[in-house]
$ cat run_20.txt   # compact mmCIF, C-alpha atoms
# COMPACT_ATOMS: atom_id res chain seq x y z
CA LEU A 1 29.48 -18.60 -7.11
CA THR A 2 28.07 -17.82 -10.52
CA ASP A 3 25.27 -15.81 -11.98
CA HIS A 4 23.84 -16.92 -15.36
CA GLY A 5 27.14 -18.51 -16.28
CA ARG A 6 29.35 -15.68 -15.16
CA GLU A 7 31.57 -16.33 -12.17
CA LEU A 8 31.09 -13.90 -9.34
CA ASP A 9 33.98 -11.81 -8.16
CA PRO A 10 35.61 -13.33 -5.04
CA ILE A 11 35.08 -10.09 -3.13
CA VAL A 12 31.37 -10.15 -3.93
CA GLY A 13 31.33 -13.83 -2.95
CA ALA A 14 32.91 -12.97 0.39
CA ALA A 15 30.35 -10.23 0.92
CA LEU A 16 27.52 -12.62 0.12
CA ALA A 17 28.82 -15.10 2.68
CA GLU A 18 28.38 -12.34 5.23
CA LEU A 19 25.00 -11.18 3.93
CA ARG A 20 23.59 -14.71 4.01
CA ARG A 21 24.31 -15.10 7.70
CA PRO A 22 21.16 -15.19 9.85
CA ALA A 23 19.99 -11.80 11.05
CA ASP A 24 16.88 -12.01 13.18
CA LEU A 25 15.05 -8.99 14.53
CA GLY A 26 13.86 -11.15 17.40
CA PRO A 27 10.57 -12.12 19.02
CA GLY A 28 9.84 -8.51 19.92
CA VAL A 29 8.52 -8.19 16.38
CA ASP A 30 6.09 -11.06 16.99
CA ALA A 31 4.76 -9.39 20.10
CA ALA A 32 4.27 -6.06 18.35
CA VAL A 33 2.49 -7.72 15.42
CA LEU A 34 0.24 -9.78 17.65
CA ALA A 35 -0.66 -6.71 19.70
CA GLN A 36 -1.93 -5.13 16.50
CA VAL A 37 -3.78 -8.10 15.02
CA ARG A 38 -5.40 -8.93 18.36
CA ARG A 39 -7.63 -5.90 17.80
CA LEU A 40 -8.68 -7.11 14.37
CA PRO A 41 -11.43 -9.54 13.39
CA SER A 42 -10.32 -12.86 11.95
CA PRO A 43 -8.88 -12.79 8.40
CA ARG A 44 -11.94 -14.68 7.15
CA SER A 45 -14.21 -12.09 8.71
CA LEU A 46 -12.11 -9.26 7.26
CA ARG A 47 -12.42 -10.85 3.83
CA PHE A 48 -16.16 -11.13 4.26
CA ARG A 49 -16.40 -7.48 5.27
CA GLN A 50 -14.34 -6.41 2.29
CA ARG A 51 -16.68 -8.31 0.02
CA MET A 52 -19.70 -6.79 1.72
CA ALA A 53 -18.17 -3.32 1.43
CA GLY A 54 -17.62 -3.96 -2.26
CA ALA A 55 -21.22 -5.08 -2.60
CA ALA A 56 -22.38 -1.98 -0.70
CA VAL A 57 -20.47 0.27 -3.08
CA MET A 58 -22.06 -1.51 -6.01
CA GLY A 59 -25.44 -1.20 -4.32
CA ALA A 60 -24.93 2.49 -3.67
CA ALA A 61 -23.99 2.97 -7.30
CA ALA A 62 -27.14 1.14 -8.31
CA MET A 63 -29.20 3.29 -5.95
CA LEU A 64 -27.68 6.40 -7.43
CA LEU A 65 -28.76 5.21 -10.82
CA VAL A 66 -32.25 4.68 -9.45
CA VAL A 67 -32.25 8.17 -7.93
CA PHE A 68 -31.02 9.66 -11.16
CA ALA A 69 -33.65 7.72 -13.04
CA ARG A 70 -36.33 9.15 -10.79
CA VAL A 71 -35.04 12.64 -11.24
CA ARG A 72 -34.78 12.20 -14.95
CA ALA A 73 -38.38 10.99 -15.02
CA ALA A 74 -39.64 14.11 -13.25
CA GLY A 75 -42.31 15.80 -15.27
CA GLU A 76 -43.31 19.33 -16.08
CA ALA A 77 -43.42 20.35 -12.45
CA GLY A 78 -39.65 20.46 -12.58
CA ILE A 79 -36.86 18.71 -10.79
CA PRO A 80 -37.28 18.78 -7.02
CA PHE A 81 -34.36 19.86 -4.88
CA ALA A 82 -34.80 19.30 -1.17
CA ILE A 83 -32.78 19.16 2.01
CA GLU A 84 -33.64 18.80 5.69
CA ALA A 85 -32.08 21.65 7.68
CA PRO A 86 -34.38 22.88 10.48
CA SER A 87 -31.79 25.19 12.01
CA ALA A 88 -30.69 26.86 8.78
CA SER A 89 -31.74 30.44 8.09
CA SER A 90 -31.14 30.40 4.35
CA ILE A 91 -30.33 27.82 1.72
CA SER A 92 -29.78 28.13 -1.99
CA VAL A 93 -28.98 25.58 -4.61
CA VAL A 94 -25.96 26.52 -6.67
CA GLY A 95 -24.73 24.70 -9.72
CA ASP A 96 -24.16 24.39 -13.41
CA PHE A 97 -27.76 25.38 -14.16
CA ASN A 98 -27.44 28.85 -12.57
CA ASP A 99 -23.81 29.52 -13.35
CA TRP A 100 -22.88 28.85 -9.73
CA ASN A 101 -24.56 32.03 -8.61
CA PRO A 102 -25.73 31.68 -4.96
CA SER A 103 -28.37 34.40 -5.22
CA ILE A 104 -30.38 32.98 -8.13
CA THR A 105 -32.08 29.90 -6.64
CA PRO A 106 -33.05 30.13 -2.97
CA LEU A 107 -34.97 27.24 -1.40
CA GLU A 108 -38.18 27.75 0.57
CA ARG A 109 -38.53 26.50 4.10
CA SER A 110 -41.56 24.50 5.19
CA ARG A 111 -42.78 24.20 8.77
CA ASP A 112 -41.03 20.89 9.34
CA GLY A 113 -37.62 22.34 8.51
CA ARG A 114 -37.50 20.95 5.00
CA TRP A 115 -36.15 23.28 2.31
CA THR A 116 -37.36 22.78 -1.27
CA VAL A 117 -37.39 24.25 -4.73
CA ARG A 118 -38.33 22.93 -8.16
CA LEU A 119 -36.34 23.80 -11.24
CA LYS A 120 -37.19 23.24 -14.87
CA LEU A 121 -33.96 22.12 -16.43
CA ARG A 122 -32.97 21.31 -19.95
CA PRO A 123 -31.76 17.76 -20.57
CA GLY A 124 -28.22 17.34 -19.40
CA ARG A 125 -25.98 16.49 -16.49
CA TYR A 126 -25.56 19.06 -13.77
CA ARG A 127 -23.23 19.28 -10.82
CA TYR A 128 -24.53 21.28 -7.90
CA SER A 129 -24.36 21.89 -4.16
CA TYR A 130 -26.40 23.53 -1.45
CA LEU A 131 -25.10 26.68 0.20
CA VAL A 132 -26.37 26.80 3.78
CA ASP A 133 -26.46 30.15 5.59
CA GLY A 134 -24.20 31.62 2.96
CA THR A 135 -21.13 29.86 4.27
CA ARG A 136 -21.47 26.08 4.33
CA TRP A 137 -21.48 23.91 1.22
CA VAL A 138 -23.43 20.68 1.54
CA ALA A 139 -23.94 17.89 -0.98
CA ASP A 140 -27.51 16.77 -1.66
CA PRO A 141 -28.00 13.78 0.67
CA ALA A 142 -30.30 12.21 -1.91
CA HIS A 143 -27.82 12.53 -4.76
CA PRO A 144 -24.27 12.24 -3.41
CA ALA A 145 -21.52 12.28 -5.98
CA PRO A 146 -18.03 10.83 -5.75
CA PRO A 147 -15.38 13.37 -4.74
CA ASP A 148 -13.98 15.39 -7.60
CA ARG A 149 -10.60 17.06 -7.28
CA ASP A 150 -11.80 20.02 -9.28
CA PHE A 151 -14.25 20.89 -6.53
CA ASP A 152 -13.04 21.75 -3.07
CA ALA A 153 -16.48 21.25 -1.53
CA PRO A 154 -19.00 18.38 -1.48
CA THR A 155 -21.14 18.27 -4.59
CA SER A 156 -23.95 16.27 -6.17
CA LEU A 157 -24.87 15.24 -9.66
CA VAL A 158 -28.24 15.17 -11.38
CA THR A 159 -29.02 14.02 -14.89
CA VAL A 160 -32.11 15.21 -16.72
CA ARG A 161 -33.11 13.11 -19.64
CA GLU A 162 -34.57 14.07 -22.97
CA THR A 163 -38.17 13.14 -22.19
CA GLN A 164 -38.68 15.56 -19.34
CA VAL B 1 9.38 -26.30 2.34
CA ASP B 2 7.80 -26.09 5.78
CA ASP B 3 4.91 -28.58 5.81
CA ARG B 4 3.37 -27.01 8.87
CA LEU B 5 2.74 -23.63 7.26
CA PRO B 6 -0.51 -24.59 5.43
CA VAL B 7 -1.93 -25.98 8.66
CA LEU B 8 -1.12 -22.77 10.47
CA VAL B 9 -2.68 -20.71 7.68
CA ASP B 10 -5.94 -22.67 7.86
CA ARG B 11 -6.15 -22.14 11.59
CA ALA B 12 -5.08 -18.51 11.52
CA VAL B 13 -7.66 -17.61 8.87
CA SER B 14 -10.33 -18.51 11.40
CA GLY B 15 -8.79 -16.18 13.94
CA ASP B 16 -6.53 -18.61 15.81
CA LEU B 17 -3.89 -16.18 17.07
CA ASP B 18 -1.68 -18.93 18.47
CA ALA B 19 -1.43 -20.36 14.97
CA PHE B 20 -0.69 -16.93 13.53
CA ALA B 21 1.96 -16.36 16.21
CA GLU B 22 3.63 -19.63 15.23
CA LEU B 23 3.42 -18.66 11.57
CA VAL B 24 5.08 -15.33 12.32
CA GLY B 25 7.76 -17.07 14.34
CA ARG B 26 8.57 -19.35 11.41
CA LEU B 27 8.66 -16.57 8.84
CA ARG B 28 10.46 -13.99 10.94
CA PRO B 29 14.12 -15.12 10.65
CA ARG B 30 14.25 -15.05 6.86
CA PHE B 31 12.07 -11.98 6.63
CA SER B 32 14.17 -10.15 9.23
CA ARG B 33 17.33 -10.76 7.27
CA TYR B 34 15.83 -9.41 4.07
CA ALA B 35 14.38 -6.30 5.75
CA LEU B 36 17.67 -5.57 7.53
CA ARG B 37 19.76 -6.01 4.39
CA MET B 38 17.36 -4.01 2.26
CA LEU B 39 16.83 -1.11 4.64
CA GLY B 40 20.18 -1.05 6.38
CA ASN B 41 19.07 -0.27 9.90
CA ARG B 42 17.13 -2.01 12.61
CA GLU B 43 14.46 0.61 13.19
CA ASP B 44 13.26 0.78 9.61
CA ALA B 45 13.55 -2.98 9.20
CA GLU B 46 11.40 -3.58 12.26
CA GLU B 47 8.75 -1.16 11.07
CA ALA B 48 8.66 -2.65 7.59
CA LEU B 49 8.50 -6.19 8.93
CA GLN B 50 5.75 -5.42 11.42
CA ASP B 51 3.77 -3.60 8.79
CA ALA B 52 4.17 -6.50 6.37
CA LEU B 53 3.13 -9.11 8.92
CA VAL B 54 0.01 -7.18 9.93
CA ARG B 55 -0.88 -6.98 6.26
CA VAL B 56 -0.29 -10.70 5.96
CA TYR B 57 -2.86 -11.24 8.70
CA ARG B 58 -5.38 -8.89 7.12
CA ARG B 59 -5.09 -10.59 3.74
CA LEU B 60 -4.52 -14.14 4.88
CA ALA B 61 -7.93 -15.29 3.65
CA THR B 62 -6.92 -14.19 0.14
CA CYS B 63 -3.85 -16.46 0.06
CA ARG B 64 -4.95 -18.88 -2.64
CA ASP B 65 -2.36 -21.57 -1.98
CA PRO B 66 -1.53 -21.99 1.71
CA ALA B 67 1.37 -24.28 0.73
CA LYS B 68 3.00 -21.22 -0.82
CA VAL B 69 2.20 -18.83 2.00
CA GLU B 70 5.87 -18.04 2.61
CA ALA B 71 6.41 -16.82 -0.97
CA TRP B 72 3.09 -14.96 -0.85
CA ALA B 73 3.93 -13.26 2.44
CA PHE B 74 7.48 -12.55 1.28
CA SER B 75 6.10 -10.62 -1.69
CA ILE B 76 4.21 -8.41 0.76
CA LEU B 77 7.42 -7.80 2.70
CA VAL B 78 9.36 -6.99 -0.48
CA ASN B 79 6.72 -4.41 -1.37
CA ARG B 80 6.78 -2.85 2.08
CA CYS B 81 10.58 -2.65 2.02
CA ARG B 82 10.49 -1.13 -1.44
CA THR B 83 8.03 1.51 -0.32
CA ARG B 84 10.10 2.30 2.73
CA ALA B 85 13.39 2.33 0.84
CA GLY B 86 11.83 4.68 -1.68
CA ARG B 87 10.71 6.94 1.11
CA LEU B 88 14.13 6.85 2.74
CA GLY B 89 16.24 7.38 -0.29
CA ARG B 90 13.81 8.27 -3.08
CA LEU B 91 15.12 5.19 -4.89
CA GLY B 92 18.69 6.25 -4.19
CA ALA B 93 21.28 5.12 -1.69
CA ILE B 94 20.09 4.56 1.87
CA GLN B 95 21.78 5.70 5.04
CA ILE B 96 23.66 3.06 6.95
CA SER B 97 23.59 3.87 10.61
CA ALA B 98 26.27 1.50 11.93
CA ILE B 99 29.37 2.78 10.24
CA GLY B 100 32.22 3.40 12.64
CA PRO B 101 35.72 4.85 12.31
CA GLY B 102 38.36 2.59 10.79
CA ALA B 103 35.98 0.92 8.37
CA GLU B 104 38.01 2.20 5.46
CA ALA B 105 40.93 -0.02 6.48
CA ALA B 106 38.89 -3.21 6.68
CA THR B 107 40.14 -6.45 5.21
CA VAL B 108 38.43 -9.81 4.94
CA ALA B 109 41.32 -11.80 6.30
CA HIS B 110 42.03 -9.99 9.52
CA PRO B 111 39.67 -11.17 12.28
CA ALA B 112 40.15 -7.95 14.18
CA HIS B 113 38.57 -6.16 11.30
CA ALA B 114 35.54 -8.42 11.00
CA LEU B 115 33.17 -5.78 12.31
CA ALA B 116 34.59 -3.13 10.04
CA TRP B 117 34.28 -5.54 7.12
CA ARG B 118 30.61 -6.10 7.86
CA GLU B 119 30.09 -2.38 8.07
CA GLU B 120 31.88 -1.93 4.79
CA ILE B 121 29.57 -4.48 3.17
CA GLU B 122 26.53 -2.69 4.57
CA ARG B 123 27.89 0.60 3.36
CA ALA B 124 28.45 -0.77 -0.15
CA LEU B 125 25.00 -2.33 -0.15
CA GLY B 126 23.46 0.93 1.02
CA ARG B 127 25.14 2.85 -1.77
CA LEU B 128 23.39 0.77 -4.40
CA PRO B 129 20.22 2.19 -5.92
CA SER B 130 17.37 0.42 -4.17
CA GLU B 131 16.24 -1.39 -7.33
CA GLN B 132 19.72 -2.88 -7.73
CA ARG B 133 19.93 -3.69 -4.04
CA GLU B 134 16.56 -5.42 -4.16
CA ALA B 135 17.50 -7.52 -7.21
CA PHE B 136 20.91 -8.39 -5.73
CA LEU B 137 19.42 -9.55 -2.44
CA LEU B 138 16.59 -11.51 -4.04
CA ARG B 139 18.96 -13.28 -6.39
CA HIS B 140 22.06 -13.89 -4.30
CA VAL B 141 20.92 -13.79 -0.70
CA GLU B 142 17.39 -15.17 -0.97
CA GLY B 143 18.34 -17.47 -3.84
CA LEU B 144 15.31 -16.72 -6.02
CA SER B 145 15.30 -17.70 -9.68
CA TYR B 146 14.88 -14.96 -12.23
CA GLY B 147 11.43 -16.34 -12.99
CA GLU B 148 10.45 -15.93 -9.34
CA MET B 149 11.93 -12.45 -9.31
CA VAL B 150 9.92 -11.46 -12.37
CA GLU B 151 6.75 -12.63 -10.64
CA LEU B 152 7.66 -10.89 -7.41
CA THR B 153 8.84 -7.54 -8.70
CA GLY B 154 6.94 -7.15 -11.95
CA ALA B 155 10.18 -6.16 -13.67
CA GLY B 156 11.36 -7.88 -16.85
CA ARG B 157 13.93 -10.65 -16.78
CA SER B 158 16.50 -8.65 -18.73
CA ALA B 159 16.11 -5.65 -16.47
CA LEU B 160 16.56 -7.83 -13.40
CA LYS B 161 19.70 -9.43 -14.78
CA MET B 162 21.10 -6.03 -15.55
CA ARG B 163 20.30 -4.81 -12.05
CA VAL B 164 22.03 -7.81 -10.49
CA LEU B 165 25.08 -7.35 -12.68
CA ARG B 166 25.35 -3.68 -11.92
CA ALA B 167 24.85 -4.37 -8.23
CA CYS B 168 27.68 -6.90 -8.29
CA GLU B 169 29.89 -4.39 -10.03
CA GLY B 170 29.02 -1.71 -7.54
CA MET B 171 29.68 -3.99 -4.58
CA ARG B 172 33.00 -5.15 -6.00
CA ARG B 173 34.11 -1.62 -6.77
CA ASP B 174 33.24 -0.31 -3.32
CA LEU B 175 34.65 -3.26 -1.41
CA GLN B 176 37.81 -3.37 -3.50
CA GLY B 177 38.36 0.26 -2.70
CA ALA B 178 37.92 -0.42 0.99
CA MET B 179 40.45 -3.24 0.91
CA ASP B 180 43.13 -1.33 -1.02
$ encode --input "run_20.txt" --output "structure tokens"
Amino acid sequence: LTDHGRELDPIVGAALAELRRPADLGPGVDAAVLAQVRRLPSPRSLRFRQRMAGAAVMGAAAMLLVVFARVRAAGEAGIPFAIEAPSASSISVVGDFNDWNPSITPLERSRDGRWTVRLKLRPGRYRYSYLVDGTRWVADPAHPAPPDRDFDAPTSLVTVRETQ
Amino acid sequence: VDDRLPVLVDRAVSGDLDAFAELVGRLRPRFSRYALRMLGNREDAEEALQDALVRVYRRLATCRDPAKVEAWAFSILVNRCRTRAGRLGRLGAIQISAIGPGAEAATVAHPAHALAWREEIERALGRLPSEQREAFLLRHVEGLSYGEMVELTGAGRSALKMRVLRACEGMRRDLQGAMD
């Protein structure tokens, strides 16, 4: 036995003769594997779903851009912030624009349980969240943002462009 | 080369579980040996092998060349074993569960000591850092070329040669000590 021109030690050779002997874990492995894959769709279907999921992520990203574009295009009336929460007793929007102070920007409740407020914001990118009933942090369903390790609660992002 | 494997892949991709079962049955013996040698005990080897084969099923439609499905699937197993070995030994020596008393006196020649000799080999293998153990097994037990090992592990050729050399040295040193 050699390895790139160097002869292997006879003891190592003897060990290899042992290590190369068949060692089969047995058909029990097959049964366990089949029990798991039986619950799965076909590999082709899984591949299709993965592609669709990828497309959905891309689509969601595109939608976010559209949402941001709409927000950025908001005029002098200000940027609308809104959330449906019929059972909530108080909601405020808290974020970069109010120094994360929960008492500065409360939302107003309409009869249909929709909470809204409009804010005039300088151009820029703002991270924010809704504080529901003073205890529960909720991301804006219309503007979800990817998780950020720096924030231990769900947040959203809004970008206000220069032409507001 | 097993000519039937590409046929089984084509059928299994469409969800033919009989074909996948046959594919597993054909891959299992070689894959079992690698998992057992790499991880050193049956329980971990079984888990790694099952995990790898389920992943093979999930990704089967991404196997670009069904004629090379064995090498493709083997790379999945190698990765699973590496992950598990890392978890077990944090890239250090693994625990060998089947070491019994008297192993220290093992010799190759004496048939009565065959079991102890095997245990001594397993012990020596388990003492190797997992990267060396992996390279040693791929090269000398699985018979891969260094080019194939580069592709499989992502490590450089020189590094792999060094690992194999050091593994051989470690095995020789340990086994020599056991025979003295």
$ residues_around --input "run_20.txt" --residues "range 55-63 of chain B" --least-positions-apart "4" --cutoff "10 Å" --atoms "all atoms listed in the file" --output "PyMOL selection string"
(chain A and resi 33-34+36-37+40-48) or (chain B and resi 9-10+12-15+17+20+24+49-51+67-69+72-77+80)
$ atom_distance --input "run_20.txt" --atom1 "CA of Gly124 in chain A" --atom2 "CA of Glu162 in chain A"
8.0 Å
$ atom_distance --input "run_20.txt" --atom1 "CA of Ala15 in chain A" --atom2 "CA of Ala45 in chain B"
20.1 Å
$ residues_around --input "run_20.txt" --residues "range 94-98 of chain A" --least-positions-apart "2" --cutoff "8 Å" --atoms "only C-alpha atoms" --output "PyMOL selection string"
chain A and resi 92+100-102+104-105+121+126-131
$ write_last_selection --input "run_20.txt" --atoms "C-alpha atoms" --output "short mmCIF file (atom, residue, chain, number, x, y, z; two decimals), in the coordinates of the input"
data_model
loop_
_atom_site.label_atom_id
_atom_site.label_comp_id
_atom_site.auth_asym_id
_atom_site.auth_seq_id
_atom_site.Cartn_x
_atom_site.Cartn_y
_atom_site.Cartn_z
CA SER A 92 -29.78 28.13 -1.99
CA TRP A 100 -22.88 28.85 -9.73
CA ASN A 101 -24.56 32.03 -8.61
CA PRO A 102 -25.73 31.68 -4.96
CA ILE A 104 -30.38 32.98 -8.13
CA THR A 105 -32.08 29.90 -6.64
CA LEU A 121 -33.96 22.12 -16.43
CA TYR A 126 -25.56 19.06 -13.77
CA ARG A 127 -23.23 19.28 -10.82
CA TYR A 128 -24.53 21.28 -7.90
CA SER A 129 -24.36 21.89 -4.16
CA TYR A 130 -26.40 23.53 -1.45
CA LEU A 131 -25.10 26.68 0.20
#
$ interface_residues --input "run_20.txt" --of "chain A" --to "chain B" --cutoff "12 Å" --atoms "all atoms listed in the file" --output "MDAnalysis selection string"
chainID A and resid 1:51
$ closest_residue --input "run_20.txt" --among "A:Ala88, A:Ile83, A:Val160, A:Val117" --to "Arg136 in chain A" --atoms "all atoms listed in the file"
A:Ala88
